[in-house]
Each structure stands twice: as C-alpha cells, then as structure tokens.
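Structure data follow from structure-v8.cif (mmCIF, C-alpha atoms and all ligand atoms):
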```cif
data_run
loop_
_atom_site.label_atom_id
_atom_site.label_comp_id
_atom_site.auth_asym_id
_atom_site.auth_seq_id
_atom_site.Cartn_x
_atom_site.Cartn_y
_atom_site.Cartn_z
CA MET D 1245 -7.37 -30.94 0.84
CA VAL D 1246 -8.92 -28.19 2.91
CA ARG D 1247 -11.46 -28.28 5.78
CA ALA D 1248 -14.64 -26.61 4.57
CA VAL D 1249 -18.30 -26.26 5.50
CA LYS D 1250 -20.51 -27.64 2.72
CA ILE D 1251 -23.89 -26.00 2.41
CA ALA D 1252 -26.68 -25.69 -0.16
CA LEU D 1253 -26.28 -22.58 -2.29
CA SER D 1254 -29.69 -21.34 -1.12
CA ASP D 1255 -28.34 -21.09 2.47
CA ALA D 1256 -25.03 -19.50 1.49
CA GLN D 1257 -25.73 -15.98 2.73
CA GLN D 1258 -26.88 -17.00 6.22
CA THR D 1259 -24.08 -19.55 6.63
CA LYS D 1260 -21.46 -17.03 5.59
CA GLN D 1261 -22.71 -14.66 8.25
CA ASP D 1262 -22.73 -17.40 10.91
CA LEU D 1263 -19.18 -18.44 10.00
CA GLN D 1264 -17.81 -14.90 9.74
CA SER D 1265 -15.14 -15.20 12.44
CA PHE D 1266 -14.15 -18.75 11.34
CA LEU D 1267 -13.73 -18.22 7.62
CA SER D 1268 -10.24 -18.90 6.30
CA ARG D 1269 -8.93 -16.16 4.05
CA ASP D 1270 -6.25 -18.51 2.67
CA PHE D 1271 -8.55 -20.26 0.15
CA TYR D 1272 -11.30 -19.29 -2.27
CA VAL D 1273 -14.84 -20.62 -1.75
CA LYS D 1274 -16.03 -23.09 -4.36
CA LYS D 1275 -19.52 -23.55 -5.84
CA GLU D 1276 -20.30 -27.01 -7.27
CA ASP D 1277 -23.48 -29.00 -7.99
CA GLY D 1278 -25.79 -26.67 -6.02
CA TYR D 1279 -23.45 -26.51 -3.01
CA ILE D 1280 -20.94 -23.98 -1.75
CA TYR D 1281 -17.79 -24.82 0.24
CA PHE D 1282 -16.55 -22.29 2.81
CA PRO D 1283 -12.94 -22.86 3.97
CA VAL D 1284 -12.70 -22.58 7.77
CA ILE D 1285 -9.87 -21.95 10.20
CA GLU D 1286 -8.53 -24.60 12.60
CA SER D 1287 -10.51 -23.43 15.63
CA TYR D 1288 -13.84 -24.16 13.94
CA THR D 1289 -15.43 -27.17 15.70
CA GLY D 1290 -18.58 -27.68 13.58
CA GLU D 1291 -19.14 -30.27 10.89
CA THR D 1292 -16.78 -30.05 7.90
CA VAL D 1293 -15.76 -31.95 4.77
CA ASP D 1294 -12.33 -32.20 3.16
CA VAL D 1295 -12.32 -30.65 -0.27
CA SER D 1296 -9.88 -29.32 -2.83
CA LEU D 1297 -9.96 -25.47 -2.87
CA ARG D 1298 -7.85 -22.98 -4.80
CA PRO D 1299 -5.40 -21.18 -2.49
CA ARG D 1300 -5.43 -17.40 -2.48
CA SER D 1301 -2.12 -15.85 -3.42
CA THR D 1302 -0.10 -14.76 -0.37
CA PRO D 1303 -0.06 -12.33 1.26
CA THR D 1304 -3.82 -12.61 1.72
CA ARG D 1305 -5.62 -9.88 -0.19
CA ALA D 1306 -7.08 -7.24 2.08
CA ILE D 1307 -10.80 -7.02 1.43
CA PRO D 1308 -11.99 -3.40 1.25
CA PHE D 1309 -14.20 -2.63 4.27
CA LYS D 1310 -17.28 -1.67 2.25
CA GLU D 1311 -16.93 -4.82 0.15
CA ALA D 1312 -16.57 -7.03 3.23
CA LEU D 1313 -19.65 -5.43 4.81
CA GLN D 1314 -21.73 -6.51 1.82
CA ASP D 1315 -21.18 -10.11 2.91
CA ILE D 1316 -22.60 -9.63 6.39
CA LEU D 1317 -25.21 -6.87 6.08
CA THR D 1318 -28.48 -6.73 4.21
CA PRO D 1319 -28.85 -3.93 1.62
CA GLU D 1320 -31.05 -2.04 4.09
CA GLU D 1321 -28.47 -2.40 6.89
CA LEU D 1322 -25.76 -1.28 4.49
CA SER D 1323 -27.69 1.91 3.82
CA PHE D 1324 -27.25 3.12 7.40
CA ALA D 1325 -24.00 1.39 8.38
CA LYS D 1326 -21.13 3.81 9.07
CA THR D 1327 -18.22 3.06 6.79
CA ALA D 1328 -15.98 5.94 7.90
CA TYR D 1329 -13.58 5.20 10.72
CA GLU D 1330 -10.50 6.69 12.33
CA VAL D 1331 -7.17 4.89 12.55
CA VAL D 1332 -4.61 5.64 15.25
CA GLY D 1333 -1.54 3.46 15.09
CA SER D 1334 -2.88 -0.09 14.88
CA ILE D 1335 -6.31 0.78 16.34
CA ALA D 1336 -9.40 1.52 14.25
CA ILE D 1337 -12.24 3.42 15.90
CA ILE D 1338 -15.72 3.15 14.46
CA GLU D 1339 -19.30 4.05 15.32
CA VAL D 1340 -21.90 1.28 15.06
CA PRO D 1341 -25.54 2.41 14.86
CA ASP D 1342 -27.84 0.92 17.55
CA ASP D 1343 -29.71 -1.17 14.98
CA LEU D 1344 -26.50 -2.97 14.02
CA LEU D 1345 -25.18 -3.69 17.51
CA ALA D 1346 -26.07 -7.37 17.15
CA LYS D 1347 -23.53 -7.49 14.32
CA GLU D 1348 -20.79 -5.39 15.93
CA LYS D 1349 -18.35 -8.31 16.15
CA GLU D 1350 -18.75 -9.17 12.47
CA ILE D 1351 -18.37 -5.49 11.53
CA GLY D 1352 -15.18 -5.41 13.60
CA GLN D 1353 -13.88 -8.52 11.82
CA CYS D 1354 -14.57 -6.93 8.42
CA LEU D 1355 -12.55 -3.90 9.45
CA LEU D 1356 -9.69 -6.11 10.66
CA SER D 1357 -9.60 -8.01 7.38
CA SER D 1358 -9.71 -4.77 5.36
CA ASN D 1359 -6.31 -3.53 6.51
CA PRO D 1360 -3.43 -5.67 7.78
CA LYS D 1361 -2.13 -2.72 9.81
CA ILE D 1362 -5.29 -2.72 11.96
CA LYS D 1363 -4.90 -5.06 14.94
CA THR D 1364 -7.74 -3.77 17.15
CA VAL D 1365 -11.20 -2.42 16.41
CA LEU D 1366 -12.94 -0.23 19.00
CA ARG D 1367 -16.53 0.91 18.97
CA LYS D 1368 -17.21 4.45 20.20
CA LEU D 1369 -19.74 4.50 23.02
CA GLY D 1370 -20.04 8.30 23.11
CA GLY D 1371 -18.12 11.52 22.58
CA HIS D 1372 -15.30 13.07 24.59
CA GLN D 1373 -16.59 13.71 28.10
CA GLY D 1374 -15.83 15.96 31.05
CA THR D 1375 -12.75 17.93 31.97
CA PHE D 1376 -10.38 15.06 31.14
CA ARG D 1377 -11.92 14.62 27.65
CA SER D 1378 -12.12 10.84 28.12
CA GLN D 1379 -14.21 8.73 25.76
CA ASP D 1380 -15.83 5.32 26.43
CA MET D 1381 -15.05 2.61 23.89
CA LYS D 1382 -15.47 -1.13 23.58
CA VAL D 1383 -13.12 -3.62 21.92
CA ILE D 1384 -15.18 -5.40 19.25
CA ALA D 1385 -12.44 -7.25 17.35
CA GLY D 1386 -8.76 -8.09 17.48
CA VAL D 1387 -6.19 -7.50 20.20
CA PRO D 1388 -7.91 -6.21 23.36
CA THR D 1389 -6.08 -2.94 23.97
CA THR D 1390 -6.92 0.75 24.07
CA VAL D 1391 -3.34 2.03 23.95
CA ALA D 1392 -2.23 3.33 20.56
CA THR D 1393 0.96 4.82 19.16
CA SER D 1394 0.66 7.45 16.47
CA LYS D 1395 3.60 8.72 14.43
CA GLU D 1396 3.95 12.35 13.38
CA SER D 1397 6.76 14.77 12.55
CA ASN D 1398 9.61 12.44 13.58
CA THR D 1399 7.94 11.52 16.87
CA LYS D 1400 5.85 8.74 18.36
CA ILE D 1401 2.93 9.65 20.60
CA THR D 1402 1.54 6.85 22.77
CA TYR D 1403 -1.77 7.34 24.55
CA ASP D 1404 -4.88 5.57 25.78
CA VAL D 1405 -7.70 6.39 23.39
CA THR D 1406 -10.36 6.00 26.10
CA ASP D 1407 -8.70 7.99 28.87
CA MET D 1408 -7.69 11.22 27.15
CA TYR D 1409 -7.98 13.37 24.06
CA PHE D 1410 -5.53 13.14 21.18
CA SER D 1411 -6.14 13.71 17.50
CA ALA D 1412 -3.71 12.56 14.85
CA ARG D 1413 -5.61 14.84 12.46
CA LEU D 1414 -4.05 17.86 14.19
CA ALA D 1415 -0.54 16.90 13.02
CA THR D 1416 -0.64 19.55 10.27
CA GLU D 1417 -1.70 22.18 12.79
CA ARG D 1418 1.14 21.24 15.14
CA LYS D 1419 3.51 21.58 12.18
CA ARG D 1420 2.10 25.05 11.45
CA ILE D 1421 2.92 26.03 15.04
CA TYR D 1422 6.39 24.51 15.33
CA ARG D 1423 7.43 26.21 12.10
CA GLN D 1424 6.80 29.58 13.77
CA VAL D 1425 9.00 28.87 16.80
CA LYS D 1426 12.20 30.91 16.80
CA GLU D 1427 15.62 30.09 18.19
CA GLY D 1428 15.75 30.14 21.98
CA GLU D 1429 12.01 30.53 22.65
CA GLU D 1430 10.51 29.39 25.93
CA VAL D 1431 7.21 27.74 25.01
CA LEU D 1432 4.23 26.86 27.21
CA VAL D 1433 1.57 24.32 26.23
CA MET D 1434 -1.41 24.73 28.54
CA PHE D 1435 -3.72 21.66 28.50
CA SER D 1436 -0.93 19.46 27.13
CA GLY D 1437 -2.69 16.04 27.30
CA ALA D 1438 -0.37 13.18 26.35
CA ALA D 1439 2.05 15.92 25.18
CA PRO D 1440 1.79 15.84 21.37
CA TYR D 1441 2.42 19.60 21.09
CA VAL D 1442 5.19 19.45 23.69
CA VAL D 1443 7.01 16.56 22.03
CA VAL D 1444 6.51 17.65 18.43
CA LEU D 1445 7.64 21.23 19.15
CA ALA D 1446 10.62 20.17 21.24
CA LYS D 1447 11.74 17.72 18.54
CA ASN D 1448 11.23 19.92 15.49
CA SER D 1449 11.82 23.51 16.54
CA PRO D 1450 14.76 25.51 17.90
CA ALA D 1451 12.90 26.22 21.17
CA LYS D 1452 15.05 26.55 24.27
CA SER D 1453 12.43 24.80 26.39
CA VAL D 1454 8.87 23.51 26.18
CA VAL D 1455 6.68 23.23 29.28
CA GLY D 1456 3.33 21.41 29.43
CA VAL D 1457 0.55 21.57 32.02
CA GLU D 1458 -2.18 18.92 32.13
CA ILE D 1459 -4.88 18.20 34.72
CA ASN D 1460 -5.62 14.56 33.75
CA PRO D 1461 -3.19 12.29 35.68
CA SER D 1462 -3.45 9.48 33.13
CA ALA D 1463 -2.65 11.83 30.23
CA HIS D 1464 0.22 13.23 32.29
CA GLU D 1465 1.70 9.73 32.75
CA PHE D 1466 1.61 9.19 28.98
CA ALA D 1467 3.17 12.63 28.49
CA LEU D 1468 6.13 11.59 30.66
CA GLN D 1469 6.45 8.38 28.64
CA ASN D 1470 6.28 10.29 25.35
CA ILE D 1471 9.00 12.70 26.41
CA THR D 1472 11.23 9.76 27.36
CA GLN D 1473 10.51 7.57 24.33
CA ASN D 1474 11.24 10.47 21.98
CA LYS D 1475 14.48 11.26 23.85
CA ILE D 1476 13.41 14.87 24.46
CA LYS D 1477 15.77 16.73 26.77
CA ASN D 1478 14.39 20.29 26.75
CA ALA D 1479 10.78 19.60 27.81
CA SER D 1480 8.98 19.15 31.11
CA VAL D 1481 5.37 18.51 32.05
CA HIS D 1482 3.40 19.32 35.20
CA CYS D 1483 0.23 17.64 36.39
CA GLY D 1484 -2.49 19.90 37.73
CA ASP D 1485 -4.92 22.70 36.97
CA ALA D 1486 -3.15 25.27 34.79
CA ARG D 1487 -4.73 28.02 36.87
CA VAL D 1488 -3.02 26.66 39.97
CA VAL D 1489 0.22 25.34 38.45
CA LEU D 1490 1.27 28.31 36.30
CA PRO D 1491 1.84 30.80 39.15
CA THR D 1492 4.09 28.23 40.87
CA LEU D 1493 6.44 27.89 37.89
CA ASN D 1494 8.00 31.36 38.23
CA GLN D 1495 8.56 31.41 34.50
CA THR D 1496 7.34 33.57 31.63
CA PHE D 1497 7.04 32.45 28.02
CA ASP D 1498 7.65 33.66 24.46
CA ARG D 1499 4.89 31.46 23.06
CA ILE D 1500 1.77 30.03 24.70
CA ILE D 1501 -0.39 27.36 23.11
CA MET D 1502 -3.94 26.94 24.43
CA PRO D 1503 -5.48 23.77 22.86
CA LEU D 1504 -8.70 23.52 24.90
CA PRO D 1505 -11.26 24.57 22.27
CA LYS D 1506 -14.34 24.51 24.51
CA THR D 1507 -13.14 26.90 27.24
CA ALA D 1508 -9.58 28.03 26.48
CA GLU D 1509 -10.59 31.71 26.43
CA THR D 1510 -11.55 31.56 30.13
CA PHE D 1511 -7.86 30.87 30.88
CA LEU D 1512 -6.60 33.92 28.97
CA ASP D 1513 -6.01 35.77 32.26
CA CYS D 1514 -3.61 32.97 33.39
CA ALA D 1515 -1.88 32.94 30.00
CA LEU D 1516 -1.44 36.72 29.90
CA ALA D 1517 0.02 36.65 33.42
CA VAL D 1518 2.92 34.47 32.21
CA ALA D 1519 3.29 35.93 28.70
CA LYS D 1520 6.52 37.85 28.04
CA GLU D 1521 6.23 41.15 26.24
CA ASN D 1522 6.00 40.32 22.51
CA ALA D 1523 4.83 36.78 23.29
CA THR D 1524 2.69 34.96 20.74
CA ILE D 1525 -0.46 33.20 21.94
CA HIS D 1526 -2.30 30.49 19.99
CA LEU D 1527 -5.89 30.35 21.23
CA TYR D 1528 -8.13 27.49 20.08
CA GLY D 1529 -11.93 27.55 20.04
CA PHE D 1530 -15.03 26.14 18.35
CA TYR D 1531 -16.90 28.88 16.52
CA HIS D 1532 -19.66 29.09 13.95
CA GLU D 1533 -18.28 30.59 10.75
CA ASP D 1534 -20.36 33.75 11.29
CA GLU D 1535 -19.11 34.18 14.85
CA PHE D 1536 -15.31 34.22 14.72
CA GLU D 1537 -15.65 37.80 16.02
CA LYS D 1538 -16.51 36.33 19.41
CA ALA D 1539 -12.98 34.96 19.75
CA TYR D 1540 -11.54 38.41 18.99
CA GLU D 1541 -13.89 39.95 21.56
CA HIS D 1542 -12.63 37.55 24.25
CA ILE D 1543 -9.03 38.44 23.42
CA ASP D 1544 -9.85 42.15 23.50
CA ALA D 1545 -11.65 41.93 26.84
CA TYR D 1546 -8.95 39.87 28.58
CA CYS D 1547 -6.10 41.99 27.20
CA LYS D 1548 -7.82 45.19 28.35
CA GLN D 1549 -8.36 43.68 31.79
CA ALA D 1550 -4.67 42.73 31.98
CA ASN D 1551 -3.53 46.10 30.57
CA ARG D 1552 -1.86 44.40 27.65
CA ASN D 1553 -1.85 45.63 24.07
CA TYR D 1554 -2.16 43.04 21.37
CA THR D 1555 -2.10 42.44 17.64
CA LEU D 1556 -4.23 39.84 15.94
CA LEU D 1557 -1.92 37.92 13.62
CA SER D 1558 -4.05 35.27 11.92
CA THR D 1559 -7.07 33.02 12.21
CA THR D 1560 -6.72 29.45 10.97
CA LYS D 1561 -9.51 26.94 10.41
CA VAL D 1562 -8.00 23.79 11.89
CA GLY D 1563 -10.92 21.39 11.50
CA GLN D 1564 -14.65 21.19 11.26
CA GLN D 1565 -16.74 20.30 14.31
CA SER D 1566 -20.14 20.32 12.60
CA PRO D 1567 -21.56 21.94 9.45
CA ARG D 1568 -20.35 25.58 9.45
CA THR D 1569 -18.76 25.28 12.92
CA TYR D 1570 -14.99 25.13 12.98
CA ARG D 1571 -12.12 24.50 15.37
CA ILE D 1572 -10.14 27.68 14.84
CA CYS D 1573 -6.82 28.91 16.13
CA VAL D 1574 -6.40 32.65 16.60
CA ASP D 1575 -2.76 33.70 16.77
CA PHE D 1576 -2.09 37.02 18.45
CA SER D 1577 0.87 38.75 19.99
CA VAL D 1578 1.01 40.85 23.11
CA HIS D 1579 3.29 43.85 23.33
CA PRO D 1580 4.02 46.87 25.43
CA GLU D 1581 3.18 49.68 23.02
CA LYS D 1582 -0.17 50.46 21.59
CA LYS D 1583 -0.38 49.14 18.04
CA ILE D 1584 -3.16 49.14 15.49
CA VAL D 1585 -5.39 46.14 16.09
CA GLN D 1586 -5.98 44.32 12.81
CA HIS D 1587 -8.91 42.00 12.34
C1 LIG G 1601 -8.63 19.02 23.84
S1 LIG G 1601 -7.55 18.25 24.96
C2 LIG G 1601 -5.99 18.60 24.19
C3 LIG G 1601 -4.90 17.67 24.63
C4 LIG G 1601 -3.58 17.84 23.85
N1 LIG G 1601 -3.08 19.17 23.91
C5 LIG G 1601 -3.75 17.41 22.42
O1 LIG G 1601 -3.82 18.28 21.55
O2 LIG G 1601 -3.83 16.21 22.15
C6 LIG G 1601 -7.59 19.39 26.32
C7 LIG G 1601 -6.82 18.92 27.54
O3 LIG G 1601 -6.91 19.92 28.55
C8 LIG G 1601 -6.92 19.28 29.81
N2 LIG G 1601 -7.44 20.27 30.78
C9 LIG G 1601 -8.72 20.68 30.94
N3 LIG G 1601 -8.79 21.62 31.90
C10 LIG G 1601 -7.52 21.83 32.34
C11 LIG G 1601 -6.96 22.70 33.31
N4 LIG G 1601 -7.71 23.52 34.05
N5 LIG G 1601 -5.62 22.68 33.51
C12 LIG G 1601 -4.83 21.82 32.78
N6 LIG G 1601 -5.32 20.97 31.85
C13 LIG G 1601 -6.65 20.97 31.63
C14 LIG G 1601 -7.80 18.06 29.59
O4 LIG G 1601 -7.57 17.07 30.55
C15 LIG G 1601 -7.35 17.65 28.18
O5 LIG G 1601 -6.32 16.70 28.24
#
```
Mind converting the file's structure to structure tokens?
Ligand SMILES: C[S@@+](CC[C@H](N)C(=O)[O-])C[C@H]1O[C@@H](n2cnc3c(N)ncnc32)[C@H](O)[C@@H]1O
Amino acid sequence: MVRAVKIALSDAQQTKQDLQSFLSRDFYVKKEDGYIYFPVIESYTGETVDVSLRPRSTPTRAIPFKEALQDILTPEELSFAKTAYEVVGSIAIIEVPDDLLAKEKEIGQCLLSSNPKIKTVLRKLGGHQGTFRSQDMKVIAGVPTTVATSKESNTKITYDVTDMYFSARLATERKRIYRQVKEGEEVLVMFSGAAPYVVVLAKNSPAKSVVGVEINPSAHEFALQNITQNKIKNASVHCGDARVVLPTLNQTFDRIIMPLPKTAETFLDCALAVAKENATIHLYGFYHEDEFEKAYEHIDAYCKQANRNYTLLSTTKVGQQSPRTYRICVDFSVHPEKKIVQH
C-alpha cells in the first residue's frame, strides 16, 4: 500500500499543482470512481489514504521538461514560459518571466525531474554585469550551490556561475585555437577568467607555456584551482588589470588571446607591446554582420600606432549575441616586413 492524497477528479489539476514538490515519482497516479490518488513522498504531512498503486519501473522515468510544465502551467502561461535553459555541469540555468515568478519553485522542480544529471536549478536575475562579468542568480530548486564543474577537451573547469563569466558553448572555439598552437609557443590569455583557455590550451597543445591575466579576484582563485585540478605544469595566472600586469611580466608571446568581446580592441596597444614578431593575435568582439569592417579598422589603427605590420588571417563567427549580431574572432599576425593586407 502507498500513501496517497485522494481528491475528486474535478479538483485534480489544482491539487497536483499544490502537491508539486511532494509528489512521489515512484508510483503512477490512479483514477477510480470519480477520484484521483496522488502518491506522495514521506515528508508530506497532509491528510492521506493508503491505497494500492502501480509502481513505476526503476530507474524513475525522467519527465521531459515541456511535458512536466503542462502539469503546473495553464495553456496561457505555457505560451510565454521559457523552455530553453543552459546546463553547466549539474546546474541548470533558466529565465522565468515576471508573470510566472509565483511558480518559480514548481518550474525548478519540473526541470530537476526532467534530467537526473541536474541537481540545482538557478533562475537568472539579469545579464552579465560590470567589469567582472558577474551575473545575479537565485537557487529555485535542488542543491543550493552556484559552483559548477564543466568538462571539455580532457579538462574540468570549476567556476562560480554568479561571480564570473564562463561559457561551455565556447568549447569548440577553444578547440579551434588550441589546434593552431605550434610546438614551443609562449601563449598569453588576456582576460583569462576561471582559466578555461589557459587550461584547455596547456592540456591539449604543444605550447611551452601559457600565461593568464584576470582582474576579477574570485575568477582568479578558480583559475588557480583549475590549473591544479587539471595537473597543469606549464601555466601560470596573474590577478590584476592586464594593462598594469603585462608590463611587469618581462615576457613576450607567440600567441595572444583576447576574449573580452565588449572592449578587447581597446587593449590592442598592450597586446602589441608584448607580441613577438610573427605573433598571432585572436581578437574577440561583438559586431553586427554588416560591420565586421570595424574590427579590421581597430586592428589597422592600433598596428599603425605601434608601427607594426600585420596580416589578417581569418574571421570566425563564434556565436550569436542577438539577431544579426555575432561574437566574432579575428585572427591576425604581426610581422616585421610590410605584407599585403588581406581582408
Ligand atoms: C568575457 S570574460 C572571459 C573569461 C574567460 N576568458 C572565458 O572565456 O571564460 C572577460 C574577462 O575579462 C576580465 N577583465 C575585464 N577587464 C580586465 C582587465 N582590464 N584586465 C584583466 N582582466 C579583465 C573580466 O573579469 C572577465 O573575467
């Protein structure tokens, strides 16, 4: 026999919503003689009856998120609910529209039950903010944590999703970069965050060394942890403003990665000052598809100012920021002799 809440069929929908976080997924509901029986978990303290219910086969079937939402939202609410979400490690991150905030906990529970790998559901409270690119979030279901571990290219990157920027979606881009690294290169990652580029490059390329610079102290702490947990020996990270830190390193680099899409170009003078002759620079930026030229103009202006010649190598669309606006990476090399500039 199973503990269940017995309710008239006419009240089924409302009761199911009220019981959402107490429903047992181990048994099927049963309809009989105008009543419905909802199996409940042990912690439920309301009135129950003992009834015979058919057990679900184990392991418990994951209920697809959209399907689970149908049980707790009205058709109108469903029409504007966001069903897309991001998963990093065991954390799912979702937006909940203002009109559904009263049901955020139930929405979180639906997401938890949709995928056994998800242990925590966070609701975004805004976008990435400020220099540190932090992002406010609230735990709405599951284990109360904001620290996630994401796996990519034989590495594990641990970071706090609220305190710093990291995107697992850029794994393919990082692979594109580490495949270009040649034996013995000295690589610089400006704006290194929790060190995904540093760790992934050091682990998967024949670089001699990889150096990261990051201004956000919390991201820097995670970077140190990521270097240690991935047993990286040829990488180091420095905490501070790249503009201030780079001149103190007394080092020049064969490859410089600049993953700060909003303002990376304003640091081109610092990058060029530590770029070896024939160095390759990877400059990230957000540009409308009709305005990629602007990135080339920045490169041209800064190289002229620094008396460096350059060759544009490629432009890669790395992701989409909004309709027709892309995160792009322009790869270019600097060199001593004047060469034809190709666009
Ligand atoms: C878009 S995030 C990229 C983080 C990391 N490279 C990644 O891909 O996950 C940009 C990073 O640049 C850092 N940053 C911003 N201004 C900086 C500066 N002047 N010097 C060093 N780091 C800076 C921010 O704190 C942030 O972590």
* Have a look at CA of Ala1446 in chain D and CA of Arg1423 in chain D and let me know their distance in Å, one decimal. => 11.4 Å
* Give the answer as one residue: which of D:Ile1285, D:Leu1253, D:Val1387, D:Leu1297 has the shortest atom-to-atom distance to Val1273 in chain D, using only C-alpha atoms? => D:Leu1297
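Near ligand LIG 1601 (chain G), at distances of 7 Å or less and with all atoms listed in the file counted, sit the residues D:Thr1375, D:Phe1376, D:Arg1377, D:Met1408, D:Tyr1409, D:Phe1410, D:Ser1411, D:Met1434, D:Phe1435, D:Ser1436, D:Gly1437, D:Ala1438, D:Ala1439, D:Pro1440, D:Tyr1441, D:Val1457, D:Glu1458, D:Ile1459, D:Asn1460, D:Ala1463, D:Gly1484, D:Asp1485, D:Ala1486, D:Arg1487, D:Pro1503, D:Leu1504, D:Pro1505.
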* Can you pull out every residue within 9 Å of Glu1291 in chain D, counting all atoms listed in the file, but drop anything in the same chain fewer than 6 positions away, and send it as a ChimeraX atom specification? => /D:1248-1250
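The coordinates place CA of Gln1314 in chain D at 13.5 Å from CA of Gly1352 in chain D.
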* To do: Give me the residues within 9 Å of Pro1341 in chain D as number ranges by chain, counting only C-alpha atoms and dropping any in the same chain fewer than 5 places off.
  => D: 1324-1326
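Residues in contact with Ile1421 in chain D at 9 Å, where all atoms listed in the file are counted and same-chain residues fewer than 5 positions away are skipped, are listed as Thr1416, Tyr1441, Leu1445, Ile1501 and His1526 of chain D.
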* Asked: Restricting the calculation to all atoms listed in the file, which member of D:Val1442, D:Leu1267, D:Val1405, D:Ala1256 is positioned closest to Glu1286 in chain D?
  -> D:Leu1267
* To do: For Asp1404 in chain D, list every protein, DNA or RNA residue within 6 Å, evaluated using all atoms listed in the file, and leave out those in the same chain fewer than 3 positions away; present the list as an NGL selection string.
  => :D and (1390-1391 or 1407)
* To do: Compare D:Lys1506, D:Arg1552, D:His1542, D:His1532 by their minimum atom-to-atom distance to His1372 in chain D, counting only C-alpha atoms, and give me the closest one.
  => D:Lys1506
* range 1476-1481 of chain D environment, 6 Å, only C-alpha atoms, sequence neighbours closer than 2 positions dropped, as a ChimeraX atom specification -> /D:1453-1457,1471,1474
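In this model, the gap between CA of Ser1265 in chain D and CA of Ala1385 in chain D comes to 9.7 Å.
Proximity of D:Tyr1329, D:Phe1576, D:Tyr1272, D:Phe1497 to Asn1553 in chain D, computed with all atoms listed in the file, is greatest for D:Phe1576.
Using all atoms listed in the file, the nearest neighbour of Ala1517 in chain D within the list D:Pro1461, D:Gly1370, D:Pro1491, D:Gly1333 is D:Pro1491.
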* Please determine the residues with any atom at most 7 Å from (-26.0, -7.0, 10.6) (coordinates as given in the file, with all atoms listed in the file counting) and report them as a ChimeraX atom specification. => /D:1316-1318,1321,1344,1346-1347
